[in-house]
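Enquirer: Input structure: my_file.cif, which contains mmCIF, C-alpha atoms.
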data_data
loop_
_atom_site.group_PDB
_atom_site.id
_atom_site.type_symbol
_atom_site.label_atom_id
_atom_site.label_comp_id
_atom_site.auth_asym_id
_atom_site.auth_seq_id
_atom_site.Cartn_x
_atom_site.Cartn_y
_atom_site.Cartn_z
ATOM 1 C CA MET A 1 85.748 143.399 56.381
ATOM 2 C CA ASP A 2 89.449 143.687 57.191
ATOM 3 C CA VAL A 3 91.844 140.794 57.803
ATOM 4 C CA LYS A 4 91.559 141.049 61.596
ATOM 5 C CA GLU A 5 87.773 140.843 61.513
ATOM 6 C CA LEU A 6 87.966 137.932 59.086
ATOM 7 C CA HIS A 7 90.306 136.021 61.398
ATOM 8 C CA SER A 8 87.987 136.734 64.322
ATOM 9 C CA LEU A 9 85.014 135.381 62.351
ATOM 10 C CA HIS A 10 86.879 132.209 61.432
ATOM 11 C CA ALA A 11 87.870 131.732 65.078
ATOM 12 C CA GLN A 12 84.232 132.076 66.164
ATOM 13 C CA GLU A 13 83.142 129.523 63.548
ATOM 14 C CA ALA A 14 85.841 127.102 64.669
ATOM 15 C CA ASP A 15 84.791 127.498 68.314
ATOM 16 C CA SER A 16 81.177 126.844 67.372
ATOM 17 C CA VAL A 17 82.079 123.663 65.471
ATOM 18 C CA GLU A 18 84.324 122.556 68.333
ATOM 19 C CA GLN A 19 81.377 122.883 70.702
ATOM 20 C CA LEU A 20 79.180 120.866 68.315
ATOM 21 C CA TYR A 21 81.948 118.270 68.078
ATOM 22 C CA ARG A 22 82.036 117.810 71.848
ATOM 23 C CA SER A 23 78.247 117.603 72.039
ATOM 24 C CA TYR A 24 77.499 115.348 69.073
ATOM 25 C CA ARG A 25 80.612 113.301 68.336
ATOM 26 C CA SER A 26 79.211 110.299 70.210
ATOM 27 C CA LEU A 27 75.977 110.393 68.207
ATOM 28 C CA ALA A 28 77.837 110.721 64.903
ATOM 29 C CA PHE A 29 80.205 107.852 65.729
ATOM 30 C CA SER A 30 77.415 105.587 66.961
ATOM 31 C CA ILE A 31 75.597 105.972 63.641
ATOM 32 C CA ALA A 32 78.738 105.574 61.544
ATOM 33 C CA TYR A 33 80.074 102.500 63.363
ATOM 34 C CA ARG A 34 76.757 100.662 63.225
ATOM 35 C CA MET A 35 76.360 101.562 59.558
ATOM 36 C CA LEU A 36 79.894 100.725 58.427
ATOM 37 C CA GLY A 37 81.092 98.056 60.839
ATOM 38 C CA THR A 38 84.609 99.493 60.840
ATOM 39 C CA VAL A 39 86.095 101.765 63.480
ATOM 40 C CA SER A 40 88.560 103.535 61.184
ATOM 41 C CA ASP A 41 85.941 104.346 58.520
ATOM 42 C CA ALA A 42 83.526 105.533 61.210
ATOM 43 C CA GLU A 43 86.134 107.859 62.693
ATOM 44 C CA ASP A 44 86.972 109.199 59.219
ATOM 45 C CA ALA A 45 83.283 109.914 58.592
ATOM 46 C CA VAL A 46 83.007 111.781 61.898
ATOM 47 C CA GLN A 47 86.042 113.907 61.082
ATOM 48 C CA ASP A 48 84.656 114.682 57.626
ATOM 49 C CA LEU A 49 81.299 115.707 59.100
ATOM 50 C CA PHE A 50 82.704 118.320 61.439
ATOM 51 C CA ALA A 51 85.316 119.501 58.942
ATOM 52 C CA ASP A 52 82.439 120.075 56.508
ATOM 53 C CA MET A 53 80.726 122.255 59.121
ATOM 54 C CA VAL A 54 83.604 124.714 59.309
ATOM 55 C CA GLY A 55 82.700 127.739 57.211
ATOM 56 C CA ARG A 56 79.195 126.421 56.538
ATOM 57 C CA ASN A 57 76.231 128.622 57.482
ATOM 58 C CA LEU A 58 74.235 126.608 60.004
ATOM 59 C CA ASP A 59 71.849 129.396 60.985
ATOM 60 C CA ASP A 60 68.999 127.769 59.069
ATOM 61 C CA VAL A 61 69.526 124.387 60.727
ATOM 62 C CA ARG A 62 66.687 124.151 63.249
ATOM 63 C CA HIS A 63 67.492 120.661 64.547
ATOM 64 C CA ILE A 64 71.220 120.022 64.613
ATOM 65 C CA LYS A 65 70.789 116.402 65.790
ATOM 66 C CA ALA A 66 68.602 115.603 62.768
ATOM 67 C CA TYR A 67 71.075 117.408 60.495
ATOM 68 C CA ILE A 68 73.977 115.320 61.821
ATOM 69 C CA ALA A 69 72.002 112.064 61.534
ATOM 70 C CA LYS A 70 71.020 112.846 57.935
ATOM 71 C CA TRP A 71 74.526 113.896 56.883
ATOM 72 C CA MET A 72 76.138 110.885 58.539
ATOM 73 C CA THR A 73 73.602 108.364 57.256
ATOM 74 C CA ASN A 74 73.965 109.504 53.658
ATOM 75 C CA ARG A 75 77.753 109.634 53.913
ATOM 76 C CA CYS A 76 77.735 106.038 55.189
ATOM 77 C CA LEU A 77 75.337 104.930 52.451
ATOM 78 C CA ASN A 78 77.780 106.298 49.878
ATOM 79 C CA VAL A 79 80.696 104.517 51.564
ATOM 80 C CA LEU A 80 78.814 101.214 51.681
ATOM 81 C CA GLN A 81 77.761 101.466 48.054
ATOM 82 C CA SER A 82 81.309 102.174 46.913
ATOM 83 C CA SER A 83 82.810 99.438 49.103
ATOM 84 C CA ARG A 84 80.317 96.743 48.147
ATOM 85 C CA ARG A 85 82.556 95.286 45.435
ATOM 86 C CA THR A 86 85.511 95.269 47.837
ATOM 87 C CA ARG A 87 83.528 93.306 50.393
ATOM 88 C CA GLU A 88 82.159 90.944 47.738
ATOM 89 C CA THR A 89 85.713 90.082 46.664
ATOM 90 C CA TYR A 90 87.052 89.982 50.229
ATOM 91 C CA PHE A 91 89.249 86.954 50.885
ATOM 92 C CA GLY A 92 87.167 84.682 53.123
ATOM 93 C CA GLU A 93 84.514 85.823 55.574
ATOM 94 C CA TRP A 94 84.119 89.538 56.318
ATOM 95 C CA LEU A 95 83.501 90.297 59.997
ATOM 96 C CA PRO A 96 82.987 93.734 61.615
ATOM 97 C CA GLU A 97 85.828 95.414 63.482
ATOM 98 C CA PRO A 98 85.462 94.872 67.231
ATOM 99 C CA ILE A 99 85.434 97.701 69.747
ATOM 100 C CA VAL A 100 87.465 97.002 72.871
ATOM 101 C CA GLU A 101 86.414 99.098 75.832
ATOM 102 C CA GLN A 102 89.219 101.056 77.448
ATOM 103 C CA GLY A 103 87.753 103.692 79.716
ATOM 104 C CA GLU A 104 85.528 106.248 78.009
ATOM 105 C CA GLN A 105 84.570 105.153 74.518
ATOM 106 C CA PRO A 106 83.592 107.326 71.549
ATOM 107 C CA ASP A 107 80.486 105.199 71.091
ATOM 108 C CA GLN A 108 79.093 105.749 74.601
ATOM 109 C CA VAL A 109 75.606 106.987 73.889
ATOM 110 C CA ALA A 110 72.198 106.545 75.429
ATOM 111 C CA GLU A 111 70.877 104.266 72.677
ATOM 112 C CA ARG A 112 70.322 100.546 73.245
ATOM 113 C CA VAL A 113 73.497 98.837 74.423
ATOM 114 C CA ASP A 114 72.571 95.515 72.782
ATOM 115 C CA SER A 115 72.761 97.228 69.380
ATOM 116 C CA LEU A 116 76.538 97.458 69.852
ATOM 117 C CA SER A 117 76.985 93.769 70.652
ATOM 118 C CA TYR A 118 79.161 91.848 68.229
ATOM 119 C CA ALA A 119 76.331 89.491 67.307
ATOM 120 C CA TYR A 120 74.185 92.522 66.459
ATOM 121 C CA MET A 121 76.917 93.958 64.247
ATOM 122 C CA VAL A 122 77.199 90.641 62.391
ATOM 123 C CA MET A 123 73.428 90.583 61.918
ATOM 124 C CA LEU A 124 73.526 94.057 60.344
ATOM 125 C CA GLU A 125 75.932 92.757 57.691
ATOM 126 C CA ARG A 126 73.114 90.661 56.208
ATOM 127 C CA MET A 127 71.202 93.810 55.231
ATOM 128 C CA THR A 128 71.551 96.035 52.194
ATOM 129 C CA PRO A 129 72.913 99.536 52.938
ATOM 130 C CA MET A 130 69.419 101.086 52.704
ATOM 131 C CA GLU A 131 67.860 98.382 54.890
ATOM 132 C CA ARG A 132 70.608 98.937 57.424
ATOM 133 C CA ALA A 133 70.047 102.696 57.495
ATOM 134 C CA VAL A 134 66.266 102.489 57.898
ATOM 135 C CA PHE A 135 66.530 99.679 60.458
ATOM 136 C CA LEU A 136 69.030 101.562 62.640
ATOM 137 C CA LEU A 137 67.211 104.878 62.475
ATOM 138 C CA ARG A 138 63.941 103.224 63.484
ATOM 139 C CA GLU A 139 64.948 100.426 65.834
ATOM 140 C CA VAL A 140 68.000 101.923 67.544
ATOM 141 C CA PHE A 141 67.618 105.694 67.322
ATOM 142 C CA GLU A 142 63.789 105.599 67.427
ATOM 143 C CA TYR A 143 63.182 108.054 64.601
ATOM 144 C CA GLU A 144 59.666 108.572 63.279
ATOM 145 C CA TYR A 145 58.986 107.345 59.753
ATOM 146 C CA GLU A 146 58.671 110.925 58.491
ATOM 147 C CA GLU A 147 62.149 111.719 59.850
ATOM 148 C CA ILE A 148 63.588 108.554 58.335
ATOM 149 C CA ALA A 149 62.015 109.324 54.968
ATOM 150 C CA ASP A 150 63.551 112.795 54.990
ATOM 151 C CA THR A 151 66.938 111.387 55.987
ATOM 152 C CA VAL A 152 67.225 108.676 53.324
ATOM 153 C CA GLY A 153 65.192 110.372 50.580
ATOM 154 C CA LYS A 154 62.396 107.779 50.428
ATOM 155 C CA SER A 155 58.648 107.953 51.016
ATOM 156 C CA THR A 156 57.297 106.909 54.405
ATOM 157 C CA SER A 157 55.472 103.931 52.869
ATOM 158 C CA ASN A 158 58.676 102.829 51.164
ATOM 159 C CA CYS A 159 60.567 103.128 54.458
ATOM 160 C CA ARG A 160 58.007 100.863 56.132
ATOM 161 C CA LYS A 161 58.532 98.237 53.421
ATOM 162 C CA ILE A 162 62.316 98.531 53.714
ATOM 163 C CA LEU A 163 62.083 98.080 57.488
ATOM 164 C CA SER A 164 59.924 95.003 57.046
ATOM 165 C CA ARG A 165 62.558 93.434 54.776
ATOM 166 C CA ALA A 166 65.312 94.385 57.204
ATOM 167 C CA LYS A 167 63.500 92.723 60.092
ATOM 168 C CA GLU A 168 63.544 89.444 58.184
ATOM 169 C CA HIS A 169 67.334 89.487 58.489
ATOM 170 C CA ALA A 170 67.068 90.289 62.200
ATOM 171 C CA ARG A 171 64.608 87.498 62.976
ATOM 172 C CA GLU A 172 67.246 85.054 64.242
ATOM 173 C CA TYR A 173 68.966 87.638 66.456
ATOM 174 C CA SER A 174 68.172 87.459 70.178
ATOM 175 C CA PRO A 175 68.954 90.494 72.396
ATOM 176 C CA THR A 176 69.704 88.131 75.289
ATOM 177 C CA ALA A 177 72.389 86.300 73.302
ATOM 178 C CA SER A 178 75.053 88.906 74.059
ATOM 179 C CA GLN A 179 73.893 90.372 77.370
ATOM 180 C CA ASP A 180 76.834 90.557 79.756
ATOM 181 C CA THR A 181 75.371 88.447 82.573
ATOM 182 C CA ASP A 182 77.156 86.354 85.196
ATOM 183 C CA ALA A 183 75.845 83.232 83.457
ATOM 184 C CA ARG A 184 77.387 84.360 80.183
ATOM 185 C CA ARG A 185 80.743 85.130 81.781
ATOM 186 C CA THR A 186 80.815 81.714 83.433
ATOM 187 C CA LEU A 187 79.963 79.925 80.196
ATOM 188 C CA VAL A 188 82.541 81.846 78.140
ATOM 189 C CA SER A 189 85.230 81.189 80.789
ATOM 190 C CA LYS A 190 84.456 77.461 80.707
ATOM 191 C CA PHE A 191 84.648 77.504 76.913
ATOM 192 C CA VAL A 192 88.093 79.110 76.931
ATOM 193 C CA THR A 193 89.393 76.618 79.505
ATOM 194 C CA ALA A 194 88.015 73.673 77.526
ATOM 195 C CA PHE A 195 89.491 75.062 74.303
ATOM 196 C CA GLN A 196 92.933 75.572 75.846
ATOM 197 C CA GLN A 197 92.936 72.022 77.250
ATOM 198 C CA TYR A 198 91.497 70.270 74.167
ATOM 199 C CA ASP A 199 88.674 69.063 76.440
ATOM 200 C CA LEU A 200 86.248 67.353 74.067
ATOM 201 C CA GLU A 201 83.614 66.433 76.650
ATOM 202 C CA ALA A 202 83.526 69.934 78.122
ATOM 203 C CA LEU A 203 83.248 71.550 74.698
ATOM 204 C CA LEU A 204 80.476 69.115 73.780
ATOM 205 C CA SER A 205 78.433 70.329 76.735
ATOM 206 C CA LEU A 206 79.058 74.006 75.959
ATOM 207 C CA LEU A 207 78.297 74.207 72.230
ATOM 208 C CA SER A 208 74.831 74.234 70.669
ATOM 209 C CA GLU A 209 74.034 71.565 68.110
ATOM 210 C CA ASP A 210 73.998 74.086 65.247
ATOM 211 C CA VAL A 211 76.982 76.150 66.448
ATOM 212 C CA ARG A 212 78.903 78.138 63.817
ATOM 213 C CA LEU A 213 82.548 79.168 63.948
ATOM 214 C CA THR A 214 83.495 82.073 61.676
ATOM 215 C CA SER A 215 87.028 83.412 61.333
ATOM 216 C CA ASP A 216 88.313 86.442 59.451
ATOM 217 C CA GLY A 217 91.917 86.578 58.300
ATOM 218 C CA GLY A 218 91.322 88.849 55.324
ATOM 219 C CA GLY A 219 93.986 87.027 53.331
ATOM 220 C CA ARG A 220 96.567 88.403 55.741
ATOM 221 C CA VAL A 221 96.380 85.559 58.268
ATOM 222 C CA HIS A 222 95.388 81.942 57.667
ATOM 223 C CA ALA A 223 91.697 81.408 58.465
ATOM 224 C CA ALA A 224 88.833 79.247 57.234
ATOM 225 C CA MET A 225 87.347 80.563 54.004
ATOM 226 C CA ARG A 226 83.795 79.701 55.078
ATOM 227 C CA PRO A 227 82.014 79.279 58.423
ATOM 228 C CA ILE A 228 82.369 75.880 60.103
ATOM 229 C CA ILE A 229 78.796 74.759 60.851
ATOM 230 C CA GLY A 230 77.566 72.071 63.220
ATOM 231 C CA ARG A 231 78.795 70.856 66.600
ATOM 232 C CA SER A 232 80.700 67.825 65.313
ATOM 233 C CA ARG A 233 82.660 69.845 62.729
ATOM 234 C CA VAL A 234 83.406 72.686 65.140
ATOM 235 C CA LEU A 235 84.519 70.182 67.796
ATOM 236 C CA ARG A 236 86.918 68.525 65.360
ATOM 237 C CA LEU A 237 88.454 71.902 64.553
ATOM 238 C CA LEU A 238 88.708 73.130 68.150
ATOM 239 C CA THR A 239 90.325 69.915 69.374
ATOM 240 C CA SER A 240 92.662 69.382 66.423
ATOM 241 C CA PRO A 241 96.328 69.600 67.452
ATOM 242 C CA LYS A 242 97.056 71.339 64.142
ATOM 243 C CA ALA A 243 94.439 74.117 64.475
ATOM 244 C CA PHE A 244 94.740 77.362 66.430
ATOM 245 C CA VAL A 245 98.251 76.512 67.620
ATOM 246 C CA ALA A 246 99.340 80.171 67.692
ATOM 247 C CA LEU A 247 96.091 81.271 69.322
ATOM 248 C CA ARG A 248 96.682 78.953 72.269
ATOM 249 C CA SER A 249 100.232 80.274 72.690
ATOM 250 C CA TRP A 250 99.298 83.964 72.828
ATOM 251 C CA ASP A 251 98.551 85.889 76.018
ATOM 252 C CA LEU A 252 94.820 85.844 76.754
ATOM 253 C CA SER A 253 92.825 88.525 78.535
ATOM 254 C CA PHE A 254 89.102 88.643 79.188
ATOM 255 C CA THR A 255 88.001 92.071 78.005
ATOM 256 C CA MET A 256 84.786 93.991 77.357
ATOM 257 C CA VAL A 257 84.396 93.809 73.582
ATOM 258 C CA ASN A 258 81.272 95.339 72.038
ATOM 259 C CA THR A 259 79.590 95.602 75.469
ATOM 260 C CA SER A 260 80.191 91.945 76.481
ATOM 261 C CA MET A 261 83.058 90.011 78.002
ATOM 262 C CA ASN A 262 85.049 88.335 75.246
ATOM 263 C CA MET A 263 88.655 87.396 74.588
ATOM 264 C CA VAL A 264 91.625 89.405 73.332
ATOM 265 C CA TYR A 265 94.848 87.593 72.411
ATOM 266 C CA ARG A 266 98.212 89.364 72.384
ATOM 267 C CA GLU A 267 101.782 88.509 71.506
ATOM 268 C CA GLN A 268 104.364 90.749 73.169
ATOM 269 C CA GLY A 269 101.670 93.355 73.743
ATOM 270 C CA VAL A 270 100.412 93.369 70.138
ATOM 271 C CA VAL A 271 96.793 92.329 69.586
ATOM 272 C CA LYS A 272 96.810 89.261 67.334
ATOM 273 C CA ALA A 273 93.190 88.119 67.599
ATOM 274 C CA VAL A 274 89.827 88.885 69.161
ATOM 275 C CA CYS A 275 87.328 86.119 69.855
ATOM 276 C CA CYS A 276 83.652 86.918 70.457
ATOM 277 C CA CYS A 277 80.998 84.423 71.544
ATOM 278 C CA GLU A 278 77.265 84.562 70.946
ATOM 279 C CA LEU A 279 75.012 82.492 73.184
ATOM 280 C CA THR A 280 71.654 80.876 72.601
ATOM 281 C CA ALA A 281 68.604 82.870 73.691
ATOM 282 C CA GLU A 282 68.528 80.768 76.886
ATOM 283 C CA GLN A 283 72.217 81.610 77.540
ATOM 284 C CA ASP A 284 72.963 77.958 78.241
ATOM 285 C CA ARG A 285 75.159 77.166 75.217
ATOM 286 C CA ILE A 286 77.367 78.921 72.676
ATOM 287 C CA SER A 287 75.735 79.318 69.270
ATOM 288 C CA ASN A 288 78.383 81.361 67.430
ATOM 289 C CA VAL A 289 82.113 81.863 67.757
ATOM 290 C CA TYR A 290 83.699 84.750 65.833
ATOM 291 C CA VAL A 291 87.491 85.000 65.591
ATOM 292 C CA ILE A 292 89.021 88.114 64.034
ATOM 293 C CA PHE A 293 92.640 87.643 62.919
ATOM 294 C CA ASN A 294 92.924 90.287 60.205
ATOM 295 C CA PRO A 295 95.497 92.785 61.577
ATOM 296 C CA ASP A 296 93.868 95.623 59.640
ATOM 297 C CA LYS A 297 90.795 95.178 61.860
ATOM 298 C CA LEU A 298 92.783 95.058 65.085
ATOM 299 C CA ASP A 299 95.313 97.887 64.766
ATOM 300 C CA HIS A 300 92.961 100.406 66.451
ATOM 301 C CA ILE A 301 92.926 98.387 69.687
#
Show how you would write the structure in this file as structure tokens.

Expert:
Amino acid sequence: MDVKELHSLHAQEADSVEQLYRSYRSLAFSIAYRMLGTVSDAEDAVQDLFADMVGRNLDDVRHIKAYIAKWMTNRCLNVLQSSRRTRETYFGEWLPEPIVEQGEQPDQVAERVDSLSYAYMVMLERMTPMERAVFLLREVFEYEYEEIADTVGKSTSNCRKILSRAKEHAREYSPTASQDTDARRTLVSKFVTAFQQYDLEALLSLLSEDVRLTSDGGGRVHAAMRPIIGRSRVLRLLTSPKAFVALRSWDLSFTMVNTSMNMVYREQGVVKAVCCCELTAEQDRISNVYVIFNPDKLDHI
């Protein structure tokens, strides 16, 4: 083969991978983001996947979707295993990176929308990497146990046991808690108004008795080291004249974050915080408030 033929072959391979990239990037990203909880790491994994395909003989790959899911899942398992110590020593509470919708998103796929909600992403953090992989492949992407077993290198019976353990972590999650309904938008809007005005009575009527407030500054921005639990404690924090002073001064916009309307705070156009609310199953009160301050988790917005 001469140089010209070799260049032609490489060009054909690149075109083929480019076509696969356009067809399956959304699937690859949706797996990676749910597995890793970080946008930047998910995008890196997607780039690595398709870069790995260049020059690789894919003629024997009968089901490219299954190939991509297996490659991506195992790549993410390796990332999670290697980053476990980093997350264990993370300064304060570790929260997933939010996705702010701005037109067409890389995660727009046909799978269940509620599995991209912020509350769902937080719930996934309670699982081990293997539990997370099996749970997502079964519950979100609807893979058969045989396919899951082949993907993660476990027996089907073992995968069933892993899924059972994973579901224990998901027991408290309610799919209705983050659905973007008119009732939810009204409640969240009232919460923001009450927060801005230090309105104790209004906040009292909006928060559940066991509400939790979790903030993530990552050691870069001042934030509570542990979740604030219970309505009385959360109320004291939200109405304290010394707390969240900067947050109240920043420009607020209601924005679709992880498929639901939440709040993005900016200072001179720079995103300084994202606040996500989770409602009770009845959607009549707020059960969780998540505030992400860490700039490393906001620079992609």

Enquirer: Name all residues at most 9 Å from Ser115 (chain A) (count all atoms listed in the file; drop same-chain ones fewer than 6 positions away) and give them as an MDAnalysis selection string.

Expert: chainID A and resid 34 121 136 140 175

Enquirer: Please tell me which residues are no farther than 12 Å from (65.1, 109.5, 51.7) in the file, counting all atoms listed in the file, and write them as an mmCIF file with C-alpha atoms, in the coordinates of the input.

Expert:
data_model
loop_
_atom_site.group_PDB
_atom_site.id
_atom_site.type_symbol
_atom_site.label_atom_id
_atom_site.label_comp_id
_atom_site.auth_asym_id
_atom_site.auth_seq_id
_atom_site.Cartn_x
_atom_site.Cartn_y
_atom_site.Cartn_z
ATOM 1 C CA LYS A 70 71.020 112.846 57.935
ATOM 2 C CA TRP A 71 74.526 113.896 56.883
ATOM 3 C CA THR A 73 73.602 108.364 57.256
ATOM 4 C CA ASN A 74 73.965 109.504 53.658
ATOM 5 C CA LEU A 77 75.337 104.930 52.451
ATOM 6 C CA MET A 130 69.419 101.086 52.704
ATOM 7 C CA GLU A 131 67.860 98.382 54.890
ATOM 8 C CA ALA A 133 70.047 102.696 57.495
ATOM 9 C CA VAL A 134 66.266 102.489 57.898
ATOM 10 C CA LEU A 137 67.211 104.878 62.475
ATOM 11 C CA TYR A 145 58.986 107.345 59.753
ATOM 12 C CA GLU A 146 58.671 110.925 58.491
ATOM 13 C CA GLU A 147 62.149 111.719 59.850
ATOM 14 C CA ILE A 148 63.588 108.554 58.335
ATOM 15 C CA ALA A 149 62.015 109.324 54.968
ATOM 16 C CA ASP A 150 63.551 112.795 54.990
ATOM 17 C CA THR A 151 66.938 111.387 55.987
ATOM 18 C CA VAL A 152 67.225 108.676 53.324
ATOM 19 C CA GLY A 153 65.192 110.372 50.580
ATOM 20 C CA LYS A 154 62.396 107.779 50.428
ATOM 21 C CA SER A 155 58.648 107.953 51.016
ATOM 22 C CA THR A 156 57.297 106.909 54.405
ATOM 23 C CA SER A 157 55.472 103.931 52.869
ATOM 24 C CA ASN A 158 58.676 102.829 51.164
ATOM 25 C CA CYS A 159 60.567 103.128 54.458
ATOM 26 C CA ILE A 162 62.316 98.531 53.714
#

Enquirer: What is the distance between CA of Glu93 (chain A) and CA of Leu187 (chain A), in Å to one decimal?

Expert: 25.7 Å

Enquirer: Just so the selection is clear, what residues does the PyMOL selection byres ((chain A and resi 272) around 10) cover here, as a VMD selection string?

Expert: chain A and resid 221 246 to 247 250 to 251 264 to 271 273 to 274 292 to 295 298 to 299

Enquirer: For this structure, which residues satisfy the selection - the PyMOL selection byres ((chain A and resi 98) around 8) - when it is evaluated on the file as given? I want them as a count of residues only.

Expert: 12

Enquirer: With the file shown as input, list the residues that the PyMOL selection byres ((chain A and resi 43) around 12) selects, as a list of chain:residue names.

Expert: A:Arg25, A:Ser26, A:Leu27, A:Ala28, A:Phe29, A:Ser30, A:Ile31, A:Ala32, A:Tyr33, A:Arg34, A:Leu36, A:Gly37, A:Thr38, A:Val39, A:Ser40, A:Asp41, A:Ala42, A:Asp44, A:Ala45, A:Val46, A:Gln47, A:Asp48, A:Leu49, A:Phe50, A:Met72, A:Cys76, A:Pro106, A:Asp107, A:His300

Enquirer: Ranking A:Ser287, A:Asn262, A:Thr128, A:Thr255 by minimum distance to Ile229 (chain A) and counting only C-alpha atoms, which one comes first?

Expert: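 Closest candidate: A:Ser287.
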
Enquirer: Taking only C-alpha atoms into account, name the residue in A:Gln196, A:Ala166, A:Leu238, A:Ser117 that is nearest to Arg138 (chain A).

Expert: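 Among the listed residues, the smallest separation from Arg138 (chain A) belongs to A:Ala166.
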
Enquirer: Which distance in Å separates CA of Ser215 (chain A) and CA of Tyr290 (chain A), to one decimal?

Expert: 5.8 Å

Enquirer: Got a sec: who's within 8 Å of Ser205 (chain A), counting all atoms listed in the file, leaving out chain neighbours fewer than 3 positions off, as a count of residues only?

Expert: 3

Enquirer: Just how far from CA of Ser260 (chain A) is CA of Gln179 (chain A), in Å to one decimal?

Expert: 6.6 Å

Enquirer: When distances are computed from only C-alpha atoms, which of A:Val188, A:Met123, A:Ala69, A:Leu213 shows the smallest separation from Glu142 (chain A)?

Expert: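 Ranking A:Val188, A:Met123, A:Ala69, A:Leu213 by distance to Glu142 (chain A), first place goes to A:Ala69.
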
Enquirer: Neighbouring residues of His169 (chain A) were defined as those with any atom within 8 Å, considering all atoms listed in the file; residues of the same chain fewer than 4 positions away were excluded. Please report them as a list of chain:residue names.

Expert: A:Met123, A:Leu124, A:Arg126, A:Met127, A:Arg165
